[in-house]
Amino acid sequence: MKSSCLRVALLFALVVSLDLRAAQTKGLPNILVIVADDLGYADAGFNGCKDIPTPHLDALAKRSLRCTSGYVTHPFCSPTRAGLLTGRYQQRFGHENNPAWLPESTVAGLPLSQVTLPQVLKTAGYATAAIGKWHLGAHPQFHPNRRGFDDYYGMLGGGHIYLPGAKGGAEYTIPMNRNGRDEPLPAYLTDVLGQEAAAYIQKSAAKPWFLYLAFNAPHTPLQVTEKQLARVRHITDETRRNYAGLVVGMDDAIGVVLKSLRDSGQEQNTLVWFFSDNGGPVGVTHSDNTPLRGAKGQVFEGGVRVPFLISWPGKLAEGKDFAPPVHILDVFATAVALTSAKVPATHQLEGVDLLPFLTGAKSAAPHERLFWRAGGGARSAVREGDWKLVQGEGAKTQLFNLATDIGEAKDMSAEQPAVLARLQAAYAEWDKANVKPLFESPNPGKAKAGKK
Ligand code: CA
């Protein structure tokens, strides 16, 4: 009798707690963050691309605000992801390079001192999942399941073969990983990631979820299928044609993901972010950052300004541009404001809740200044309004006015000494809170050439 009373009481407590949980999370939107890898600024139709068809991204853009000055916080892969998932400039905690594929290293990965966005969203009742490229450490302590993601499917390194059985280095040929267990790659990688994300969305409609979907497309290796190539045969340059095939494959997969949102009735209740993790590596993949100067690895606009969409149908304007500078640290801050998720006081967020700015409730620019630092300070930049300070790209410090010179062609440092001095002082002040890189990239020589 006693034990059956206890069982009833426990059952009642469980039902009440589930009810409370449902009440607390009612009305909270899902958050879907889709990240492309090395997509050029001009390599999506919504950003002016003419030779690569991206109908699904373009359809998403029609339901989105297009951030024309949308930035990542680093010009290459892993540091950008460290910034995105912590909401802090990654130089604050030494994550300034790509970690080598070192499963034995407890250093080469996203420092355990940092709190992650999924950890925080779990306090607000969210289910959390990561699908795709991780690149935040190969040691088991860095595994996505240990960093706040309830579910993970993907490849833990910095890149991967696309075709099952294709040859490649150790990092690129590791098995797929599902919640810590190895699985063989069953089909073309980009298709698989899209299907996994769609399946997650379909099965998760009952409670709010956060899904971080990180494609490795269109990063090298340039492995494409006939189906993709059939749509880009008009591109005569072979390297760009293969790169375009990767872009088309990612667009197809994004189409599958967005269809699952629609079919499961969640489109109106999902905040979607889309951006690339850095600019296109023009010399390697013949990607196109027009009209921006520079490429992946550089702090010129071509390295850090990326295709960038924010969609929340019914809540945000659709098919419009948002011009003030924003960056990926804003993803975390916006999610926290939206969900009232708990962030430890010691974890100082550096992004901004964008929603009041995107809805027009606030008319000022979200950020006074944005900062970049790479190579432990070898390259750096500051954007303040239309001004951009660039240091370490060539011998001379340069100053550009992006309103009249988006291609950073005319150095204004001699004409505007006061602006130059103000931005240099702002950088020096910001840099005081940075630390030295905790680990080096696997190929620092290549990195210096901007080809990482
Ligand atoms: Ca990248």
# chains A, B, ... in the order shown; residues from 1 in each chain; ligands from 1
>>> closest_atom_pairs(of="chain A", to="ligand 1", cutoff="9 Å", atoms="only C-alpha atoms and all ligand atoms", output="JSON lines")
{"residue": "A:Ala36", "atom": "CA", "partner": "ligand 1", "partner_atom_place_in_ligand_line": "1 (Ca)", "distance": 7.7}
{"residue": "A:Asp37", "atom": "CA", "partner": "ligand 1", "partner_atom_place_in_ligand_line": "1 (Ca)", "distance": 4.3}
{"residue": "A:Asp38", "atom": "CA", "partner": "ligand 1", "partner_atom_place_in_ligand_line": "1 (Ca)", "distance": 4.3}
{"residue": "A:Leu39", "atom": "CA", "partner": "ligand 1", "partner_atom_place_in_ligand_line": "1 (Ca)", "distance": 7.9}
{"residue": "A:Pro75", "atom": "CA", "partner": "ligand 1", "partner_atom_place_in_ligand_line": "1 (Ca)", "distance": 7.9}
{"residue": "A:Phe76", "atom": "CA", "partner": "ligand 1", "partner_atom_place_in_ligand_line": "1 (Ca)", "distance": 5.1}
{"residue": "A:Cys77", "atom": "CA", "partner": "ligand 1", "partner_atom_place_in_ligand_line": "1 (Ca)", "distance": 3.9}
{"residue": "A:Ser78", "atom": "CA", "partner": "ligand 1", "partner_atom_place_in_ligand_line": "1 (Ca)", "distance": 7.5}
{"residue": "A:Thr80", "atom": "CA", "partner": "ligand 1", "partner_atom_place_in_ligand_line": "1 (Ca)", "distance": 8.4}
{"residue": "A:Gly158", "atom": "CA", "partner": "ligand 1", "partner_atom_place_in_ligand_line": "1 (Ca)", "distance": 8.4}
{"residue": "A:Gly159", "atom": "CA", "partner": "ligand 1", "partner_atom_place_in_ligand_line": "1 (Ca)", "distance": 9.0}
{"residue": "A:Asn216", "atom": "CA", "partner": "ligand 1", "partner_atom_place_in_ligand_line": "1 (Ca)", "distance": 7.7}
{"residue": "A:Ala217", "atom": "CA", "partner": "ligand 1", "partner_atom_place_in_ligand_line": "1 (Ca)", "distance": 9.0}
{"residue": "A:Pro218", "atom": "CA", "partner": "ligand 1", "partner_atom_place_in_ligand_line": "1 (Ca)", "distance": 8.7}
{"residue": "A:His219", "atom": "CA", "partner": "ligand 1", "partner_atom_place_in_ligand_line": "1 (Ca)", "distance": 6.6}
{"residue": "A:Ser276", "atom": "CA", "partner": "ligand 1", "partner_atom_place_in_ligand_line": "1 (Ca)", "distance": 7.4}
{"residue": "A:Asp277", "atom": "CA", "partner": "ligand 1", "partner_atom_place_in_ligand_line": "1 (Ca)", "distance": 5.1}
{"residue": "A:Asn278", "atom": "CA", "partner": "ligand 1", "partner_atom_place_in_ligand_line": "1 (Ca)", "distance": 5.3}
{"residue": "A:Gly279", "atom": "CA", "partner": "ligand 1", "partner_atom_place_in_ligand_line": "1 (Ca)", "distance": 7.6}
{"residue": "A:Gly280", "atom": "CA", "partner": "ligand 1", "partner_atom_place_in_ligand_line": "1 (Ca)", "distance": 8.1}
{"residue": "A:Pro281", "atom": "CA", "partner": "ligand 1", "partner_atom_place_in_ligand_line": "1 (Ca)", "distance": 8.7}
{"residue": "A:Lys296", "atom": "CA", "partner": "ligand 1", "partner_atom_place_in_ligand_line": "1 (Ca)", "distance": 7.7}
{"residue": "A:Lys452", "atom": "CA", "partner": "ligand 1", "partner_atom_place_in_ligand_line": "1 (Ca)", "distance": 8.7}
>>> closest_atom_pairs(of="region 73-184 of chain A", to="region 379-393 of chain A", cutoff="12 Å", atoms="only C-alpha atoms", output="tab-separated table")
residue	atom	partner	partner_atom	distance
A:Thr73	CA	A:Ala381	CA	10.4
A:His74	CA	A:Ser380	CA	9.9
A:Pro75	CA	A:Arg379	CA	10.3
A:Gln91	CA	A:Ser380	CA	11.6
A:Glu96	CA	A:Arg379	CA	11.6
>>> residues_around(residues="Gln268 (chain A)", least_positions_apart="3", cutoff="10 Å", atoms="only C-alpha atoms", output="list in words")
Pro29, Asn30, Leu261, Arg262, Gly265, Leu271, Ser311, Trp312, Pro313, Gly314 and Lys315 of chain A
>>> select_by_dssp(residues="region 264-359 of chain A", states="strand (DSSP E or B)", output="list of chain:residue names")
A:Thr270, A:Leu271, A:Val272, A:Trp273, A:Phe274, A:Phe275, A:Ser276, A:Arg305, A:Phe308, A:Leu309, A:Ile310, A:Ser311, A:Lys320, A:Asp321, A:Phe322, A:Val326, A:His327
>>> write_last_selection(atoms="C-alpha atoms", output="compact mmCIF listing (two decimals), in the first residue's frame")
# COMPACT_ATOMS: atom_id res chain seq x y z
CA THR A 270 11.37 28.83 -35.67
CA LEU A 271 14.04 31.50 -35.68
CA VAL A 272 16.48 30.59 -38.45
CA TRP A 273 20.01 31.94 -38.82
CA PHE A 274 22.13 31.24 -41.89
CA PHE A 275 25.73 32.35 -42.48
CA SER A 276 29.12 31.13 -43.62
CA ARG A 305 31.85 39.58 -43.98
CA PHE A 308 23.92 36.27 -43.51
CA LEU A 309 20.17 35.71 -43.09
CA ILE A 310 17.81 35.87 -40.12
CA SER A 311 14.29 34.50 -40.57
CA LYS A 320 14.25 43.18 -46.60
CA ASP A 321 17.83 44.25 -45.91
CA PHE A 322 19.25 45.09 -42.50
CA VAL A 326 25.92 42.52 -36.80
CA HIS A 327 28.00 39.47 -35.95
>>> residues_around(residues="Gln202 (chain A)", least_positions_apart="5", cutoff="9 Å", atoms="only C-alpha atoms", output="list in words")
Ala197, Ser260, Leu261, Asp263 and Ser264 of chain A
>>> closest_residue(among="A:Tyr126, A:Phe371, A:Tyr162, A:Tyr212", to="Pro144 (chain A)", atoms="only C-alpha atoms")
A:Tyr212
>>> residues_around(residues="Phe357 (chain A)", least_positions_apart="6", cutoff="12 Å", atoms="only C-alpha atoms", output="list of chain:residue names")
A:Leu65, A:Cys67, A:Leu316, A:Ala317, A:Phe322, A:Ala323, A:Pro324, A:Pro325, A:Val326, A:Asp330, A:Thr334, A:Ser363, A:Ala364, A:Ala365, A:Pro366, A:His367
>>> residues_around(residues="Gly94 (chain A)", least_positions_apart="6", cutoff="12 Å", atoms="only C-alpha atoms", output="PyMOL selection string")
chain A and resi 78-79+82-83+88+107-114+373-377+433-440
>>> atom_distance(atom1="CA of Tyr71 (chain A)", atom2="CA of Leu213 (chain A)")
18.2 Å
>>> select_by_dssp(residues="region 120-269 of chain A", states="alpha helix (DSSP H)", output="ChimeraX atom specification")
/A:120-122,189-203,226-229,238-263
>>> closest_residue(among="A:Gly319, A:Phe300, A:Lys62, A:His135", to="Gln398 (chain A)", atoms="only C-alpha atoms")
A:Phe300
>>> residues_around(residues="Leu163 (chain A)", least_positions_apart="6", cutoff="10 Å", atoms="only C-alpha atoms", output="number ranges by chain")
A: 185-190, 221, 223-225
>>> atom_distance(atom1="CA of Thr285 (chain A)", atom2="CA of Asn177 (chain A)")
27.2 Å
>>> closest_residue(among="A:Leu28, A:Ala138, A:Ala333, A:Val256", to="Ala206 (chain A)", atoms="only C-alpha atoms")
A:Leu28
>>> closest_residue(among="A:Val115, A:Val343, A:Leu349, A:Cys49", to="Leu329 (chain A)", atoms="only C-alpha atoms")
A:Leu349
>>> decode(residues="region 302-339 of chain A", atoms="N, CA, C and O atoms", output="mmCIF file, in the first residue's frame")
data_model
loop_
_atom_site.group_PDB
_atom_site.id
_atom_site.type_symbol
_atom_site.label_atom_id
_atom_site.label_comp_id
_atom_site.auth_asym_id
_atom_site.auth_seq_id
_atom_site.Cartn_x
_atom_site.Cartn_y
_atom_site.Cartn_z
ATOM 1 N N GLY A 302 36.538 40.499 -47.245
ATOM 2 C CA GLY A 302 36.362 39.194 -47.892
ATOM 3 C C GLY A 302 36.631 38.009 -46.986
ATOM 4 O O GLY A 302 36.189 36.892 -47.260
ATOM 5 N N GLY A 303 37.332 38.227 -45.881
ATOM 6 C CA GLY A 303 37.586 37.133 -44.944
ATOM 7 C C GLY A 303 36.527 36.989 -43.873
ATOM 8 O O GLY A 303 36.322 35.892 -43.343
ATOM 9 N N VAL A 304 35.834 38.113 -43.563
ATOM 10 C CA VAL A 304 34.973 38.096 -42.374
ATOM 11 C C VAL A 304 33.522 38.530 -42.599
ATOM 12 O O VAL A 304 32.654 38.257 -41.770
ATOM 13 N N ARG A 305 33.250 39.232 -43.710
ATOM 14 C CA ARG A 305 31.845 39.583 -43.978
ATOM 15 C C ARG A 305 31.254 38.444 -44.826
ATOM 16 O O ARG A 305 31.837 38.068 -45.837
ATOM 17 N N VAL A 306 30.125 37.931 -44.421
ATOM 18 C CA VAL A 306 29.632 36.681 -45.016
ATOM 19 C C VAL A 306 28.151 36.792 -45.386
ATOM 20 O O VAL A 306 27.436 37.670 -44.872
ATOM 21 N N PRO A 307 27.677 35.900 -46.270
ATOM 22 C CA PRO A 307 26.232 35.822 -46.515
ATOM 23 C C PRO A 307 25.531 35.556 -45.188
ATOM 24 O O PRO A 307 25.958 34.667 -44.436
ATOM 25 N N PHE A 308 24.452 36.297 -44.889
ATOM 26 C CA PHE A 308 23.922 36.269 -43.511
ATOM 27 C C PHE A 308 22.427 36.539 -43.546
ATOM 28 O O PHE A 308 21.996 37.599 -43.993
ATOM 29 N N LEU A 309 21.630 35.578 -43.099
ATOM 30 C CA LEU A 309 20.169 35.706 -43.088
ATOM 31 C C LEU A 309 19.619 35.438 -41.691
ATOM 32 O O LEU A 309 20.147 34.589 -40.962
ATOM 33 N N ILE A 310 18.545 36.150 -41.359
ATOM 34 C CA ILE A 310 17.806 35.866 -40.119
ATOM 35 C C ILE A 310 16.323 35.806 -40.480
ATOM 36 O O ILE A 310 15.772 36.772 -41.013
ATOM 37 N N SER A 311 15.693 34.682 -40.185
ATOM 38 C CA SER A 311 14.287 34.497 -40.569
ATOM 39 C C SER A 311 13.434 34.093 -39.363
ATOM 40 O O SER A 311 13.821 33.205 -38.586
ATOM 41 N N TRP A 312 12.304 34.777 -39.223
ATOM 42 C CA TRP A 312 11.295 34.364 -38.250
ATOM 43 C C TRP A 312 9.953 34.852 -38.796
ATOM 44 O O TRP A 312 9.504 35.956 -38.467
ATOM 45 N N PRO A 313 9.350 34.044 -39.650
ATOM 46 C CA PRO A 313 8.140 34.493 -40.359
ATOM 47 C C PRO A 313 7.059 34.969 -39.386
ATOM 48 O O PRO A 313 6.784 34.331 -38.375
ATOM 49 N N GLY A 314 6.477 36.114 -39.701
ATOM 50 C CA GLY A 314 5.425 36.669 -38.848
ATOM 51 C C GLY A 314 5.957 37.565 -37.749
ATOM 52 O O GLY A 314 5.233 38.405 -37.219
ATOM 53 N N LYS A 315 7.208 37.397 -37.381
ATOM 54 C CA LYS A 315 7.805 38.203 -36.300
ATOM 55 C C LYS A 315 8.788 39.247 -36.835
ATOM 56 O O LYS A 315 8.908 40.330 -36.278
ATOM 57 N N LEU A 316 9.498 38.884 -37.881
ATOM 58 C CA LEU A 316 10.479 39.808 -38.460
ATOM 59 C C LEU A 316 10.100 40.122 -39.900
ATOM 60 O O LEU A 316 9.429 39.314 -40.560
ATOM 61 N N ALA A 317 10.542 41.267 -40.387
ATOM 62 C CA ALA A 317 10.283 41.633 -41.786
ATOM 63 C C ALA A 317 10.874 40.568 -42.706
ATOM 64 O O ALA A 317 11.842 39.886 -42.354
ATOM 65 N N GLU A 318 10.266 40.443 -43.876
ATOM 66 C CA GLU A 318 10.692 39.401 -44.813
ATOM 67 C C GLU A 318 11.110 40.027 -46.137
ATOM 68 O O GLU A 318 10.469 40.953 -46.623
ATOM 69 N N GLY A 319 12.208 39.511 -46.692
ATOM 70 C CA GLY A 319 12.682 39.994 -47.983
ATOM 71 C C GLY A 319 13.257 41.396 -47.939
ATOM 72 O O GLY A 319 13.327 42.080 -48.951
ATOM 73 N N LYS A 320 13.682 41.824 -46.748
ATOM 74 C CA LYS A 320 14.249 43.181 -46.600
ATOM 75 C C LYS A 320 15.724 43.080 -46.183
ATOM 76 O O LYS A 320 16.168 42.043 -45.693
ATOM 77 N N ASP A 321 16.432 44.193 -46.340
ATOM 78 C CA ASP A 321 17.829 44.246 -45.906
ATOM 79 C C ASP A 321 17.935 44.905 -44.539
ATOM 80 O O ASP A 321 17.189 45.834 -44.227
ATOM 81 N N PHE A 322 18.881 44.429 -43.765
ATOM 82 C CA PHE A 322 19.245 45.087 -42.505
ATOM 83 C C PHE A 322 20.717 45.473 -42.641
ATOM 84 O O PHE A 322 21.593 44.607 -42.726
ATOM 85 N N ALA A 323 20.996 46.767 -42.685
ATOM 86 C CA ALA A 323 22.333 47.228 -43.070
ATOM 87 C C ALA A 323 23.339 47.389 -41.919
ATOM 88 O O ALA A 323 24.533 47.191 -42.128
ATOM 89 N N PRO A 324 22.915 47.754 -40.697
ATOM 90 C CA PRO A 324 23.934 47.971 -39.653
ATOM 91 C C PRO A 324 24.731 46.690 -39.367
ATOM 92 O O PRO A 324 24.189 45.583 -39.466
ATOM 93 N N PRO A 325 25.997 46.850 -39.016
ATOM 94 C CA PRO A 325 26.812 45.661 -38.751
ATOM 95 C C PRO A 325 26.271 44.807 -37.600
ATOM 96 O O PRO A 325 25.861 45.332 -36.555
ATOM 97 N N VAL A 326 26.261 43.500 -37.834
ATOM 98 C CA VAL A 326 25.922 42.520 -36.798
ATOM 99 C C VAL A 326 26.967 41.415 -36.883
ATOM 100 O O VAL A 326 27.685 41.314 -37.875
ATOM 101 N N HIS A 327 27.071 40.601 -35.855
ATOM 102 C CA HIS A 327 28.003 39.475 -35.952
ATOM 103 C C HIS A 327 27.472 38.257 -35.192
ATOM 104 O O HIS A 327 26.408 38.310 -34.567
ATOM 105 N N ILE A 328 28.221 37.181 -35.329
ATOM 106 C CA ILE A 328 27.701 35.892 -34.856
ATOM 107 C C ILE A 328 27.624 35.802 -33.339
ATOM 108 O O ILE A 328 26.934 34.919 -32.831
ATOM 109 N N LEU A 329 28.301 36.696 -32.608
ATOM 110 C CA LEU A 329 28.146 36.668 -31.145
ATOM 111 C C LEU A 329 26.725 37.051 -30.753
ATOM 112 O O LEU A 329 26.272 36.753 -29.641
ATOM 113 N N ASP A 330 26.007 37.694 -31.668
ATOM 114 C CA ASP A 330 24.635 38.117 -31.389
ATOM 115 C C ASP A 330 23.659 36.933 -31.343
ATOM 116 O O ASP A 330 22.560 37.061 -30.788
ATOM 117 N N VAL A 331 24.050 35.809 -31.907
ATOM 118 C CA VAL A 331 23.172 34.628 -31.884
ATOM 119 C C VAL A 331 22.895 34.218 -30.433
ATOM 120 O O VAL A 331 21.748 33.987 -30.035
ATOM 121 N N PHE A 332 23.963 34.149 -29.644
ATOM 122 C CA PHE A 332 23.861 33.723 -28.242
ATOM 123 C C PHE A 332 23.026 34.740 -27.453
ATOM 124 O O PHE A 332 22.052 34.385 -26.760
ATOM 125 N N ALA A 333 23.389 36.019 -27.566
ATOM 126 C CA ALA A 333 22.708 37.061 -26.785
ATOM 127 C C ALA A 333 21.225 37.143 -27.145
ATOM 128 O O ALA A 333 20.366 37.329 -26.270
ATOM 129 N N THR A 334 20.913 36.990 -28.414
ATOM 130 C CA THR A 334 19.516 37.017 -28.845
ATOM 131 C C THR A 334 18.750 35.828 -28.277
ATOM 132 O O THR A 334 17.608 35.977 -27.803
ATOM 133 N N ALA A 335 19.374 34.662 -28.308
ATOM 134 C CA ALA A 335 18.718 33.465 -27.783
ATOM 135 C C ALA A 335 18.443 33.590 -26.288
ATOM 136 O O ALA A 335 17.376 33.195 -25.797
ATOM 137 N N VAL A 336 19.378 34.163 -25.563
ATOM 138 C CA VAL A 336 19.203 34.330 -24.112
ATOM 139 C C VAL A 336 18.055 35.288 -23.813
ATOM 140 O O VAL A 336 17.199 35.029 -22.966
ATOM 141 N N ALA A 337 18.014 36.398 -24.543
ATOM 142 C CA ALA A 337 16.951 37.382 -24.311
ATOM 143 C C ALA A 337 15.581 36.793 -24.648
ATOM 144 O O ALA A 337 14.594 37.048 -23.959
ATOM 145 N N LEU A 338 15.553 35.988 -25.680
ATOM 146 C CA LEU A 338 14.296 35.413 -26.155
ATOM 147 C C LEU A 338 13.744 34.364 -25.195
ATOM 148 O O LEU A 338 12.531 34.228 -25.034
ATOM 149 N N THR A 339 14.621 33.637 -24.554
ATOM 150 C CA THR A 339 14.203 32.457 -23.796
ATOM 151 C C THR A 339 14.329 32.635 -22.293
ATOM 152 O O THR A 339 13.912 31.750 -21.546
#
